[in-house]
Amino acid sequence: MAEVGGKQLMRVNDLPRHYDPKQTEDKWYQFWLDRRFFHADVGSSKETFSVVIPPPNVTDVLHLGHALNNTLQDILIRWKRMQGYEAEWLPGTDHAGIATQVILEKNLARQGTSKERLGREKFLELAWDWKKKNGDAILNQLKKIGCSCDWDRTRFTLDEGLSEAVLEVFVHLYSKGLIYRGKRIINWCPRCQTSLSDDETEREEKDGSLWYVKYKLKGSDDYIMVATTRPETMLGDTAVAVSPKDKRFEKLVGKSAILPILDRELKIIADDFVDPEFGTGMVKVTPAHDPNDFEIGQRHNLEQINVMKPNGTMNENAGKFSGMDRYACREALVAELKKKKLLEKVESYQVPVAQCYRCDTEIEPYLSEQWFVKMKPLAKPAIEAVKTGKLKFYPERWTKTYMYWMENIRDWCISRQLWWGHRIPVWYCQDCSETIVAKTGPSECTRCKSKKLKQDEGVLDTWFSSWLWPFSTFGWPDKTPELRRFYPTKALFTASEIIFLWVARMVMAGYEFMGREPFSDVYIHGTVRDEYGIKMSKSLGNGIDPLEIIDQYGADALRTTMMLVTPEGQDTLIARRTFQVGQHFANKLWNVSKFVLANLSKTFAPEAELQSGQAEGRLEDSWILSRLNRTIGEVTDLMGDYRFNSAVKSLYDFIWHDFCDWYVEMIKERLNLPEGEREREAAENVAHFVLNNILRLLHPFAPFVTEEIWHHLYDSGADGSSVSAARWPVCDKKMINESLENTLDRVQDAVTSIRNIRSEMNVPPAKKAEVLIRVDNADMQRILEENQAHVKNLGKLANLTIGRQISKPDHAASAVIRDAEIFVPLEGLIDLEQERKRLQKEIARVTQLLERGNKKLSNEDFLKRAPREIIEKEKTKKEEYRKILEKLNQNLEEIVGW
Ligand SMILES: [Zn+2]
Ligand SMILES: [Zn+2]
C-alpha cells in the first residue's frame, strides 16, 4: 500500500496547479472516438433513446445559440448513455437554400460577377464547395464543444438519401392531391427574386403615408376618392370597391370610374371585405398585387394586371413608368397626380410591412404561379397529437403557440425560384403542355409522346427537406433497421422561432409518412443575449464566438456557464467574462480532486460501491452521504423534466459548498492520522466514494475535466475505465437523513457567523478567538456541544463556551443565529484603537462616495441624458454603499462599547 500511495503522491505533485483544458480536451475527444462510445448499435438489447440534431445551416460557423442548443442535447444524450440506454444522437447539416444562395450571390457580386454569368452548373459547384468547407467547420466545432454525436450517421439535407426522400414525398403528396400548382399572391423578394412562405417574412409596422387620390366618375365631372398606402400599384387597378352596407355609396355601385393617367375604366363593386371606416370607405382593387384584392378579384371575376417585373421594376403595363424601380415610380406617380390636381391629401400612417427574412428587402405581394401543399388535412393528426399528450412542449406555454398556428394553418408555398436546393420533380411538355410529376426525368410525354420536355426551373423550399429529417436521416423511404430502431426519436431541442417553420411541419410529416409522431418531447430554449439583454447578432457586433470561449476558458466552462446562467425556458444573458464562472467551477473540482488524491493511501476500483463498515458513522460522513444521495435524486428528477439549470445548480452547490467547503475541511484532521487508522481509512473511503459520484454526476455537463480526473484517480490507460461509460448513480433513499442534515446545518450556521465576524473585524487568520455562545434551548446546546470540535476547528477558536446563562462581554462583536447568539470578545484579538481608527477612516470614505452618488442621482441633467442601465448601476451602487456604511457603524459601536 505504501508503495502505491507513494506513487500516487508523486503523480499528484506532477499535476498542474490549475486545470488546463488545452492539455485534455482534444486528447479525450479522440479517446472517445477511438472507443466508439458515441456510436449506437442498431442490434443491441438495450432500451433505445434517440435524438436528431436540428441541422445547423451551412451558411456560417456556429454561434453561441448553437452552442447552447447542442450543449443541451449533449447533456441529455450522455446522461441517457450512462443510464444504460442505447443512445443515438444523429448529427448533420442543412443546405439552407435561400440563406446560402444569398451569401454566395453577395460574394459573386463583390468579385464583379453574378450567378447568371456563371450559369446554373458552375454556380452549384460553388455552392457544394461552400458546403464542404462550412459543413466540415461546423462539425468540427461541435466536436470542440464536446458533442457526443454518432458521426457514422452524419447526414446532409441534399445528400443522396435525403434527396430520394424528398422526391418520394413530393410524388406521394401530388398523387394524393395534396400538392397543387396555382396562381396566387405570394410573398416575393425582389432582391432574392424568389417566393417566400409567410413564415419566412418578418412583419412590422413602419412610418408610411396614406395617399388620397381622386378617380373621375365616368361620364361626369364628379370624383370619387380612394386611399392607398402603395400608390404605384394603382396602375394595376381593375375595380373600385365599397362595402355593401355603406349607404353613402349605394348609388355608385355598378357605375364606373376612370383610373387616372392610364384612363382605364374601373367597375365600382360592392364587397364585404371593404371596411367602411378605412380611408374614404372606397378602396381601389388591384388583384395582381394584394392578397385581399386577389380574393375580391376571384369573387367578382376581375382582370389581374401585373405591373411589376420580378426584380421590382415596373413592367410595360405601367405605361410611361415602365422600367422605373417601384419606389421611383411611387415618387413620379405622386408628383404627376399632384400636378394634375388629383391628389387630395396625404396623411402619415403606420403601414404594416413584410421583409425578407434573409436580406431584409421589402416584400412585394406578387401574383405568380407556384407549387403549394394543402396543409389542413396534414394538420389534423398533428393537432390530435398535442391534445392527446403524445407530443409535449417544455415549457408548456409553447403549446398555445403551436395550436394557434395549426388551427389557422394556410397552404404552404413550396416552390422557390432558386438554384441551390432540391429541383422540383415536375416536367412540362412543350407540345401539349402536359404536366408530369415523377421521381426521375421521363423520356417522353405521357400524353402526346413528345420528347420536348422541360423540367420546372425552381427548387423546393429548404424546409421541404428538413421537415422529413427525423426519418429521412434513418434511411426512409427504405425500411432500414436504423429506422425501425431509432424512430420515433424522444426529444427535440430547438428555438421558438422555428416552431412553425420546422417543428410543426415535422410533426405533420411524421404522421403522414411514418404514421406516428417524430418525437414526444419538444424542448424550446431561449435566445442568447448580451449582458444588457440585446440579442447577439453579427451586425451589432455583440456576438461571442464559442471557439474563442473554448480557447480562453475551456469547453467545460462554456457548457457549465451556459447551463448555470440560463433559467429554464428563459433567455440566456451572458458576457464574455461570465464564462469565468464555469472556469472557476472546473478549477474548484480540480483542486479538491487533487487534495483527495494526495490523501488516498490505497487504490480504489472505479465501480466499487461503499460497503457498510467502510464509513465510521461519524456525523460528517453520514451527513455527506445523505447530501450526496439527496443530490443524486434531485438531479436525476430534474434532468428527467429537462430542468438542466436547476440540476446543474444543485450539483454546483453540492460540490462547492457541501463537499469542498465543509466535508473536506471537516476530515482534514482525520487525514493526518497515520495510514491504516480506522478513522482515517473511513474518511478516505467516503471522500473517494463521493468524489467518484461527483465525477459521474457532473460528466454530462463537464465531460472533459471529469474524464481527466477519472484517469488520474484510477490510473486507467487507453484500455482502462472511462467516466463516459460509467453508470449513472442511483439514489439510495435509506442514506438520506433529514435530522442529521438539520444538525449539521446548525453547526454550519455557527461557524459561518464566527467566520463572518472574523473577516469583518479584520482578525488576522492565525489568531485564535475565544467564543461564547448563548443557546436558547437544550436541543441547540446538545448539537453544539456534540460538535464542539468542528466548531473550534473550522472557526479557528482557542476556546468555546456554550451555555444558557451567558451575557455579552465588553468590546465583543456579536451575531444572532437560529436558537443562539454568538459573542466574539475583541480585546486581545485585534488592536482596538487601530481598528477604531481604520473604521472611522473607512466610514468617512464611504460617506463621501455615498454623497457623490446622491448628488449624481439628484442631478436632472444626468437623469435625462444618461442611458438607463447607467442610472440603474448608480442606484445599485448607492444602495450598496448605504449597506456598507450601516455595517461599519455597527462594528464601530461594538468596539467603542457602551
Ligand atoms: Zn431577399
Ligand atoms: Zn405532351
# chains A, B, ... in the order shown; residues from 1 in each chain; ligands from 1
>>> residues_around(residues="Phe170 in chain A", least_positions_apart="4", cutoff="12 Å", atoms="only C-alpha atoms", output="mmCIF file with N, CA and C atoms, in the first residue's frame")
data_model
loop_
_atom_site.group_PDB
_atom_site.id
_atom_site.type_symbol
_atom_site.label_atom_id
_atom_site.label_comp_id
_atom_site.auth_asym_id
_atom_site.auth_seq_id
_atom_site.Cartn_x
_atom_site.Cartn_y
_atom_site.Cartn_z
ATOM 1 N N SER A 163 -32.377 13.311 -50.584
ATOM 2 C CA SER A 163 -32.973 13.794 -51.832
ATOM 3 C C SER A 163 -34.004 12.786 -52.337
ATOM 4 N N GLU A 164 -33.680 11.523 -52.178
ATOM 5 C CA GLU A 164 -34.609 10.452 -52.544
ATOM 6 C C GLU A 164 -35.909 10.586 -51.737
ATOM 7 N N ALA A 165 -35.757 10.866 -50.441
ATOM 8 C CA ALA A 165 -36.928 11.022 -49.580
ATOM 9 C C ALA A 165 -37.782 12.210 -50.030
ATOM 10 N N VAL A 166 -37.127 13.288 -50.413
ATOM 11 C CA VAL A 166 -37.844 14.492 -50.867
ATOM 12 C C VAL A 166 -38.676 14.185 -52.113
ATOM 13 N N TYR A 174 -48.468 14.710 -54.283
ATOM 14 C CA TYR A 174 -49.092 15.137 -55.538
ATOM 15 C C TYR A 174 -50.174 14.135 -55.954
ATOM 16 N N SER A 175 -49.825 12.851 -55.846
ATOM 17 C CA SER A 175 -50.798 11.849 -56.292
ATOM 18 C C SER A 175 -51.982 11.778 -55.340
ATOM 19 N N LYS A 176 -51.793 12.231 -54.102
ATOM 20 C CA LYS A 176 -52.883 12.272 -53.135
ATOM 21 C C LYS A 176 -53.708 13.555 -53.281
ATOM 22 N N GLY A 177 -53.276 14.418 -54.187
ATOM 23 C CA GLY A 177 -53.994 15.681 -54.379
ATOM 24 C C GLY A 177 -53.652 16.735 -53.341
ATOM 25 N N LEU A 178 -52.567 16.505 -52.580
ATOM 26 C CA LEU A 178 -52.203 17.474 -51.540
ATOM 27 C C LEU A 178 -51.145 18.467 -52.015
ATOM 28 N N ILE A 179 -50.608 18.237 -53.224
ATOM 29 C CA ILE A 179 -49.720 19.242 -53.806
ATOM 30 C C ILE A 179 -50.383 19.732 -55.082
ATOM 31 N N TYR A 180 -50.456 21.040 -55.239
ATOM 32 C CA TYR A 180 -51.073 21.585 -56.444
ATOM 33 C C TYR A 180 -50.298 22.806 -56.912
ATOM 34 N N TRP A 371 -46.015 26.245 -56.563
ATOM 35 C CA TRP A 371 -46.479 24.957 -56.044
ATOM 36 C C TRP A 371 -46.839 25.096 -54.567
ATOM 37 N N PHE A 372 -47.939 24.474 -54.189
ATOM 38 C CA PHE A 372 -48.422 24.589 -52.811
ATOM 39 C C PHE A 372 -48.721 23.209 -52.230
ATOM 40 N N VAL A 373 -48.613 23.120 -50.891
ATOM 41 C CA VAL A 373 -49.085 21.923 -50.189
ATOM 42 C C VAL A 373 -50.349 22.294 -49.428
ATOM 43 N N ILE A 414 -44.330 25.970 -51.636
ATOM 44 C CA ILE A 414 -43.075 25.212 -51.502
ATOM 45 C C ILE A 414 -42.091 25.432 -52.642
ATOM 46 N N SER A 415 -42.505 26.153 -53.679
ATOM 47 C CA SER A 415 -41.551 26.361 -54.778
ATOM 48 C C SER A 415 -40.746 27.631 -54.541
ATOM 49 N N HIS A 422 -33.372 21.238 -53.779
ATOM 50 C CA HIS A 422 -33.913 20.071 -54.471
ATOM 51 C C HIS A 422 -34.741 20.550 -55.651
ATOM 52 N N ARG A 423 -34.341 20.195 -56.852
ATOM 53 C CA ARG A 423 -35.072 20.623 -58.045
ATOM 54 C C ARG A 423 -36.483 20.020 -58.021
ATOM 55 N N ILE A 424 -37.464 20.840 -58.350
ATOM 56 C CA ILE A 424 -38.857 20.373 -58.346
ATOM 57 C C ILE A 424 -39.025 19.249 -59.375
ATOM 58 N N PRO A 425 -39.544 18.085 -58.970
ATOM 59 C CA PRO A 425 -39.604 16.929 -59.884
ATOM 60 C C PRO A 425 -40.826 16.993 -60.802
ATOM 61 N N VAL A 426 -40.889 18.069 -61.594
ATOM 62 C CA VAL A 426 -42.030 18.263 -62.490
ATOM 63 C C VAL A 426 -41.510 18.639 -63.868
ATOM 64 N N VAL A 437 -45.351 14.613 -63.150
ATOM 65 C CA VAL A 437 -44.664 14.599 -61.861
ATOM 66 C C VAL A 437 -44.067 13.205 -61.668
ATOM 67 N N ALA A 438 -42.754 13.123 -61.485
ATOM 68 C CA ALA A 438 -42.103 11.817 -61.379
ATOM 69 C C ALA A 438 -40.794 11.946 -60.625
ATOM 70 N N LYS A 439 -40.358 10.829 -60.002
ATOM 71 C CA LYS A 439 -39.103 10.862 -59.248
ATOM 72 C C LYS A 439 -37.900 11.005 -60.182
ATOM 73 N N THR A 440 -37.996 10.371 -61.382
ATOM 74 C CA THR A 440 -36.901 10.528 -62.339
ATOM 75 C C THR A 440 -37.454 11.120 -63.621
ATOM 76 N N VAL A 459 -36.680 25.260 -57.340
ATOM 77 C CA VAL A 459 -36.317 24.238 -56.361
ATOM 78 C C VAL A 459 -37.350 24.283 -55.238
ATOM 79 N N LEU A 460 -37.241 23.336 -54.334
ATOM 80 C CA LEU A 460 -38.191 23.277 -53.232
ATOM 81 C C LEU A 460 -37.696 24.073 -52.032
ATOM 82 N N ASP A 461 -38.630 24.623 -51.299
ATOM 83 C CA ASP A 461 -38.339 25.311 -50.043
ATOM 84 C C ASP A 461 -37.393 24.442 -49.214
ATOM 85 N N PHE A 464 -38.690 21.883 -47.004
ATOM 86 C CA PHE A 464 -39.323 20.703 -47.576
ATOM 87 C C PHE A 464 -38.437 19.463 -47.412
ATOM 88 N N SER A 465 -37.150 19.690 -47.158
ATOM 89 C CA SER A 465 -36.303 18.536 -46.816
ATOM 90 C C SER A 465 -36.156 18.397 -45.308
ATOM 91 N N LEU A 468 -38.610 16.363 -43.074
ATOM 92 C CA LEU A 468 -38.540 14.897 -43.112
ATOM 93 C C LEU A 468 -37.393 14.361 -42.249
ATOM 94 N N ALA A 509 -45.364 15.703 -41.067
ATOM 95 C CA ALA A 509 -44.722 14.713 -41.934
ATOM 96 C C ALA A 509 -44.601 13.373 -41.217
ATOM 97 N N PHE A 513 -46.152 10.168 -43.096
ATOM 98 C CA PHE A 513 -45.280 9.183 -43.743
ATOM 99 C C PHE A 513 -44.865 8.028 -42.842
#
>>> select_by_dssp(residues="range 332-540 of chain A", states="helix (DSSP H, G or I)", output="ChimeraX atom specification")
/A:332-339,376-387,398-407,463-466,469-472,481-486,496-514
>>> residues_near_ligand(ligand="ligand 2", cutoff="9 Å", atoms="only C-alpha atoms and all ligand atoms", output="PyMOL selection string")
chain A and resi 428-435+444-453
>>> write_last_selection(atoms="all heavy atoms", output="compact mmCIF listing (two decimals), in the first residue's frame")
# COMPACT_ATOMS: atom_id res chain seq x y z
N TYR A 428 -42.71 19.75 -67.91
CA TYR A 428 -43.82 20.27 -68.73
C TYR A 428 -43.57 19.90 -70.17
O TYR A 428 -42.46 20.10 -70.69
CB TYR A 428 -43.92 21.78 -68.59
CG TYR A 428 -43.99 22.25 -67.15
CD1 TYR A 428 -42.86 22.82 -66.52
CD2 TYR A 428 -45.16 22.09 -66.40
CE1 TYR A 428 -42.92 23.22 -65.20
CE2 TYR A 428 -45.22 22.50 -65.08
CZ TYR A 428 -44.09 23.07 -64.48
OH TYR A 428 -44.15 23.46 -63.17
N CYS A 429 -44.59 19.35 -70.82
CA CYS A 429 -44.46 19.02 -72.24
C CYS A 429 -44.56 20.31 -73.04
O CYS A 429 -45.49 21.10 -72.85
CB CYS A 429 -45.56 18.04 -72.66
SG CYS A 429 -45.51 17.72 -74.44
N GLN A 430 -43.63 20.53 -73.93
CA GLN A 430 -43.60 21.76 -74.72
C GLN A 430 -44.59 21.71 -75.87
O GLN A 430 -44.89 22.71 -76.49
CB GLN A 430 -42.18 22.00 -75.27
CG GLN A 430 -41.12 22.14 -74.19
CD GLN A 430 -41.40 23.29 -73.24
OE1 GLN A 430 -41.31 24.45 -73.62
NE2 GLN A 430 -41.79 22.97 -72.00
N ASP A 431 -45.10 20.50 -76.16
CA ASP A 431 -46.04 20.37 -77.28
C ASP A 431 -47.50 20.37 -76.83
O ASP A 431 -48.33 21.03 -77.44
CB ASP A 431 -45.72 19.10 -78.08
CG ASP A 431 -44.43 19.28 -78.90
OD1 ASP A 431 -44.19 20.43 -79.35
OD2 ASP A 431 -43.66 18.31 -79.04
N CYS A 432 -47.81 19.62 -75.78
CA CYS A 432 -49.22 19.56 -75.38
C CYS A 432 -49.46 20.15 -73.99
O CYS A 432 -50.55 20.06 -73.45
CB CYS A 432 -49.74 18.12 -75.43
SG CYS A 432 -49.20 17.10 -74.04
N SER A 433 -48.42 20.75 -73.42
CA SER A 433 -48.45 21.38 -72.09
C SER A 433 -48.94 20.47 -70.96
O SER A 433 -49.47 20.93 -69.96
CB SER A 433 -49.20 22.72 -72.10
OG SER A 433 -50.53 22.54 -72.48
N GLU A 434 -48.72 19.16 -71.13
CA GLU A 434 -48.99 18.21 -70.05
C GLU A 434 -47.99 18.43 -68.91
O GLU A 434 -46.83 18.79 -69.15
CB GLU A 434 -48.86 16.77 -70.61
CG GLU A 434 -48.98 15.67 -69.57
CD GLU A 434 -50.43 15.39 -69.16
OE1 GLU A 434 -51.29 16.24 -69.43
OE2 GLU A 434 -50.68 14.34 -68.55
N THR A 435 -48.45 18.23 -67.67
CA THR A 435 -47.56 18.32 -66.51
C THR A 435 -47.28 16.91 -66.01
O THR A 435 -48.20 16.15 -65.75
CB THR A 435 -48.24 19.12 -65.39
OG1 THR A 435 -48.49 20.43 -65.88
CG2 THR A 435 -47.37 19.20 -64.16
N GLU A 444 -40.32 10.70 -72.39
CA GLU A 444 -41.28 11.29 -73.32
C GLU A 444 -42.56 11.67 -72.60
O GLU A 444 -42.82 11.20 -71.50
CB GLU A 444 -41.57 10.31 -74.46
CG GLU A 444 -42.05 8.96 -73.95
CD GLU A 444 -42.40 8.00 -75.07
OE1 GLU A 444 -41.72 8.00 -76.10
OE2 GLU A 444 -43.38 7.24 -74.88
N CYS A 445 -43.35 12.50 -73.27
CA CYS A 445 -44.60 12.97 -72.69
C CYS A 445 -45.55 11.78 -72.54
O CYS A 445 -45.71 10.98 -73.45
CB CYS A 445 -45.22 14.05 -73.54
SG CYS A 445 -46.89 14.51 -73.00
N THR A 446 -46.18 11.69 -71.38
CA THR A 446 -47.07 10.56 -71.14
C THR A 446 -48.36 10.67 -71.97
O THR A 446 -49.08 9.70 -72.13
CB THR A 446 -47.45 10.48 -69.65
OG1 THR A 446 -47.74 11.80 -69.20
CG2 THR A 446 -46.33 9.90 -68.82
N ARG A 447 -48.63 11.88 -72.48
CA ARG A 447 -49.86 12.04 -73.25
C ARG A 447 -49.60 12.02 -74.76
O ARG A 447 -50.15 11.21 -75.47
CB ARG A 447 -50.58 13.34 -72.87
CG ARG A 447 -51.98 13.41 -73.46
CD ARG A 447 -52.87 14.39 -72.75
NE ARG A 447 -52.59 15.74 -73.24
CZ ARG A 447 -53.13 16.84 -72.72
NH1 ARG A 447 -53.92 16.75 -71.66
NH2 ARG A 447 -52.85 18.01 -73.21
N CYS A 448 -48.68 12.89 -75.23
CA CYS A 448 -48.50 13.01 -76.68
C CYS A 448 -47.20 12.38 -77.17
O CYS A 448 -46.88 12.46 -78.35
CB CYS A 448 -48.59 14.47 -77.11
SG CYS A 448 -47.10 15.41 -76.71
N LYS A 449 -46.45 11.77 -76.24
CA LYS A 449 -45.19 11.09 -76.59
C LYS A 449 -44.10 12.03 -77.08
O LYS A 449 -43.08 11.60 -77.62
CB LYS A 449 -45.42 9.99 -77.67
CG LYS A 449 -46.50 8.99 -77.33
CD LYS A 449 -46.00 7.97 -76.31
CE LYS A 449 -47.12 7.02 -75.92
NZ LYS A 449 -47.14 6.76 -74.48
N SER A 450 -44.32 13.31 -76.99
CA SER A 450 -43.30 14.27 -77.42
C SER A 450 -42.06 14.12 -76.55
O SER A 450 -42.15 13.77 -75.37
CB SER A 450 -43.85 15.69 -77.31
OG SER A 450 -42.77 16.60 -77.29
N LYS A 451 -40.89 14.37 -77.14
CA LYS A 451 -39.65 14.30 -76.35
C LYS A 451 -39.27 15.68 -75.85
O LYS A 451 -38.26 15.84 -75.15
CB LYS A 451 -38.50 13.75 -77.22
CG LYS A 451 -38.81 12.43 -77.87
CD LYS A 451 -37.95 11.32 -77.28
CE LYS A 451 -38.17 10.01 -78.02
NZ LYS A 451 -38.69 8.96 -77.14
N LYS A 452 -40.07 16.69 -76.24
CA LYS A 452 -39.72 18.06 -75.83
C LYS A 452 -40.29 18.35 -74.43
O LYS A 452 -41.36 18.90 -74.30
CB LYS A 452 -40.24 19.06 -76.87
CG LYS A 452 -39.25 19.20 -78.03
CD LYS A 452 -39.89 19.76 -79.27
CE LYS A 452 -40.15 21.25 -79.18
NZ LYS A 452 -40.95 21.67 -80.36
N LEU A 453 -39.53 17.89 -73.42
CA LEU A 453 -39.96 18.10 -72.05
C LEU A 453 -39.02 19.08 -71.37
O LEU A 453 -37.81 19.08 -71.63
CB LEU A 453 -39.94 16.77 -71.29
CG LEU A 453 -40.87 15.69 -71.83
CD1 LEU A 453 -40.64 14.39 -71.08
CD2 LEU A 453 -42.32 16.11 -71.74
>>> closest_residue(among="A:Lys122, A:Lys245, A:Lys883, A:Arg358", to="ligand 1", atoms="only C-alpha atoms and all ligand atoms")
A:Arg358
>>> closest_residue(among="A:Gly146, A:Gly92, A:Gly543, A:Pro310", to="ligand 1", atoms="only C-alpha atoms and all ligand atoms")
A:Pro310
>>> closest_atom_pairs(of="chain A", to="ligand 1", cutoff="9 Å", atoms="only C-alpha atoms and all ligand atoms", output="tab-separated table")
residue	atom	partner	partner_atom_place_in_ligand_line	distance
A:Ile98	CA	ligand 1	1 (Zn)	8.1
A:Ala99	CA	ligand 1	1 (Zn)	8.8
A:Val102	CA	ligand 1	1 (Zn)	7.6
A:Trp188	CA	ligand 1	1 (Zn)	8.2
A:Cys189	CA	ligand 1	1 (Zn)	4.7
A:Pro190	CA	ligand 1	1 (Zn)	6.8
A:Arg191	CA	ligand 1	1 (Zn)	5.1
A:Cys192	CA	ligand 1	1 (Zn)	4.2
A:Gln193	CA	ligand 1	1 (Zn)	7.1
A:Thr194	CA	ligand 1	1 (Zn)	7.6
A:Leu196	CA	ligand 1	1 (Zn)	8.7
A:Gln355	CA	ligand 1	1 (Zn)	7.8
A:Cys356	CA	ligand 1	1 (Zn)	4.6
A:Tyr357	CA	ligand 1	1 (Zn)	6.8
A:Arg358	CA	ligand 1	1 (Zn)	5.4
A:Cys359	CA	ligand 1	1 (Zn)	4.3
A:Asp360	CA	ligand 1	1 (Zn)	6.2
A:Thr361	CA	ligand 1	1 (Zn)	5.5
A:Glu362	CA	ligand 1	1 (Zn)	8.1
A:Ile363	CA	ligand 1	1 (Zn)	7.9
>>> write_last_selection(atoms="N, CA and C atoms", output="PDB file, in the first residue's frame")
ATOM      1  N   ILE A  98     -32.200  29.370 -49.467  1.00  0.00           N
ATOM      2  CA  ILE A  98     -32.140  30.807 -49.758  1.00  0.00           C
ATOM      3  C   ILE A  98     -30.993  31.480 -49.014  1.00  0.00           C
ATOM      4  N   ALA A  99     -30.758  31.076 -47.770  1.00  0.00           N
ATOM      5  CA  ALA A  99     -29.731  31.737 -46.964  1.00  0.00           C
ATOM      6  C   ALA A  99     -28.351  31.561 -47.597  1.00  0.00           C
ATOM      7  N   VAL A 102     -28.068  33.498 -50.942  1.00  0.00           N
ATOM      8  CA  VAL A 102     -27.876  34.949 -50.761  1.00  0.00           C
ATOM      9  C   VAL A 102     -26.402  35.257 -50.495  1.00  0.00           C
ATOM     10  N   TRP A 188     -43.041  37.932 -52.361  1.00  0.00           N
ATOM     11  CA  TRP A 188     -41.964  37.906 -53.340  1.00  0.00           C
ATOM     12  C   TRP A 188     -40.850  38.821 -52.866  1.00  0.00           C
ATOM     13  N   CYS A 189     -39.625  38.272 -52.829  1.00  0.00           N
ATOM     14  CA  CYS A 189     -38.491  39.144 -52.519  1.00  0.00           C
ATOM     15  C   CYS A 189     -37.859  39.584 -53.822  1.00  0.00           C
ATOM     16  N   PRO A 190     -37.945  40.879 -54.176  1.00  0.00           N
ATOM     17  CA  PRO A 190     -37.392  41.348 -55.454  1.00  0.00           C
ATOM     18  C   PRO A 190     -35.869  41.260 -55.506  1.00  0.00           C
ATOM     19  N   ARG A 191     -35.211  41.188 -54.333  1.00  0.00           N
ATOM     20  CA  ARG A 191     -33.759  41.066 -54.347  1.00  0.00           C
ATOM     21  C   ARG A 191     -33.354  39.608 -54.568  1.00  0.00           C
ATOM     22  N   CYS A 192     -33.907  38.709 -53.753  1.00  0.00           N
ATOM     23  CA  CYS A 192     -33.597  37.288 -53.921  1.00  0.00           C
ATOM     24  C   CYS A 192     -34.318  36.727 -55.148  1.00  0.00           C
ATOM     25  N   GLN A 193     -35.325  37.442 -55.626  1.00  0.00           N
ATOM     26  CA  GLN A 193     -36.147  37.010 -56.752  1.00  0.00           C
ATOM     27  C   GLN A 193     -36.683  35.602 -56.572  1.00  0.00           C
ATOM     28  N   THR A 194     -37.273  35.409 -55.409  1.00  0.00           N
ATOM     29  CA  THR A 194     -37.922  34.138 -55.161  1.00  0.00           C
ATOM     30  C   THR A 194     -39.159  34.367 -54.314  1.00  0.00           C
ATOM     31  N   LEU A 196     -41.497  33.400 -51.041  1.00  0.00           N
ATOM     32  CA  LEU A 196     -41.199  33.045 -49.659  1.00  0.00           C
ATOM     33  C   LEU A 196     -42.492  32.624 -48.989  1.00  0.00           C
ATOM     34  N   GLN A 355     -40.817  41.950 -44.521  1.00  0.00           N
ATOM     35  CA  GLN A 355     -39.471  41.961 -45.075  1.00  0.00           C
ATOM     36  C   GLN A 355     -38.959  40.540 -45.262  1.00  0.00           C
ATOM     37  N   CYS A 356     -38.077  40.386 -46.248  1.00  0.00           N
ATOM     38  CA  CYS A 356     -37.445  39.092 -46.495  1.00  0.00           C
ATOM     39  C   CYS A 356     -36.589  38.727 -45.284  1.00  0.00           C
ATOM     40  N   TYR A 357     -36.753  37.515 -44.738  1.00  0.00           N
ATOM     41  CA  TYR A 357     -36.005  37.158 -43.526  1.00  0.00           C
ATOM     42  C   TYR A 357     -34.539  36.893 -43.793  1.00  0.00           C
ATOM     43  N   ARG A 358     -34.148  36.888 -45.027  1.00  0.00           N
ATOM     44  CA  ARG A 358     -32.735  36.669 -45.335  1.00  0.00           C
ATOM     45  C   ARG A 358     -32.010  37.922 -45.768  1.00  0.00           C
ATOM     46  N   CYS A 359     -32.697  38.878 -46.405  1.00  0.00           N
ATOM     47  CA  CYS A 359     -31.958  40.043 -46.905  1.00  0.00           C
ATOM     48  C   CYS A 359     -32.634  41.355 -46.533  1.00  0.00           C
ATOM     49  N   ASP A 360     -33.756  41.292 -45.758  1.00  0.00           N
ATOM     50  CA  ASP A 360     -34.442  42.494 -45.263  1.00  0.00           C
ATOM     51  C   ASP A 360     -35.087  43.368 -46.333  1.00  0.00           C
ATOM     52  N   THR A 361     -35.078  42.913 -47.570  1.00  0.00           N
ATOM     53  CA  THR A 361     -35.749  43.695 -48.614  1.00  0.00           C
ATOM     54  C   THR A 361     -37.258  43.645 -48.387  1.00  0.00           C
ATOM     55  N   GLU A 362     -37.930  44.771 -48.727  1.00  0.00           N
ATOM     56  CA  GLU A 362     -39.373  44.810 -48.544  1.00  0.00           C
ATOM     57  C   GLU A 362     -40.049  43.830 -49.506  1.00  0.00           C
ATOM     58  N   ILE A 363     -40.914  43.013 -48.936  1.00  0.00           N
ATOM     59  CA  ILE A 363     -41.620  42.001 -49.717  1.00  0.00           C
ATOM     60  C   ILE A 363     -42.651  42.652 -50.617  1.00  0.00           C
TER      61      ILE A 363
END
>>> residues_around(residues="range 769-779 of chain A", least_positions_apart="4", cutoff="12 Å", atoms="only C-alpha atoms", output="PyMOL selection string")
chain A and resi 739+742-743+746-747+750-751+753-755+757-758+761+763-765+783-786+788+791-809+812-830
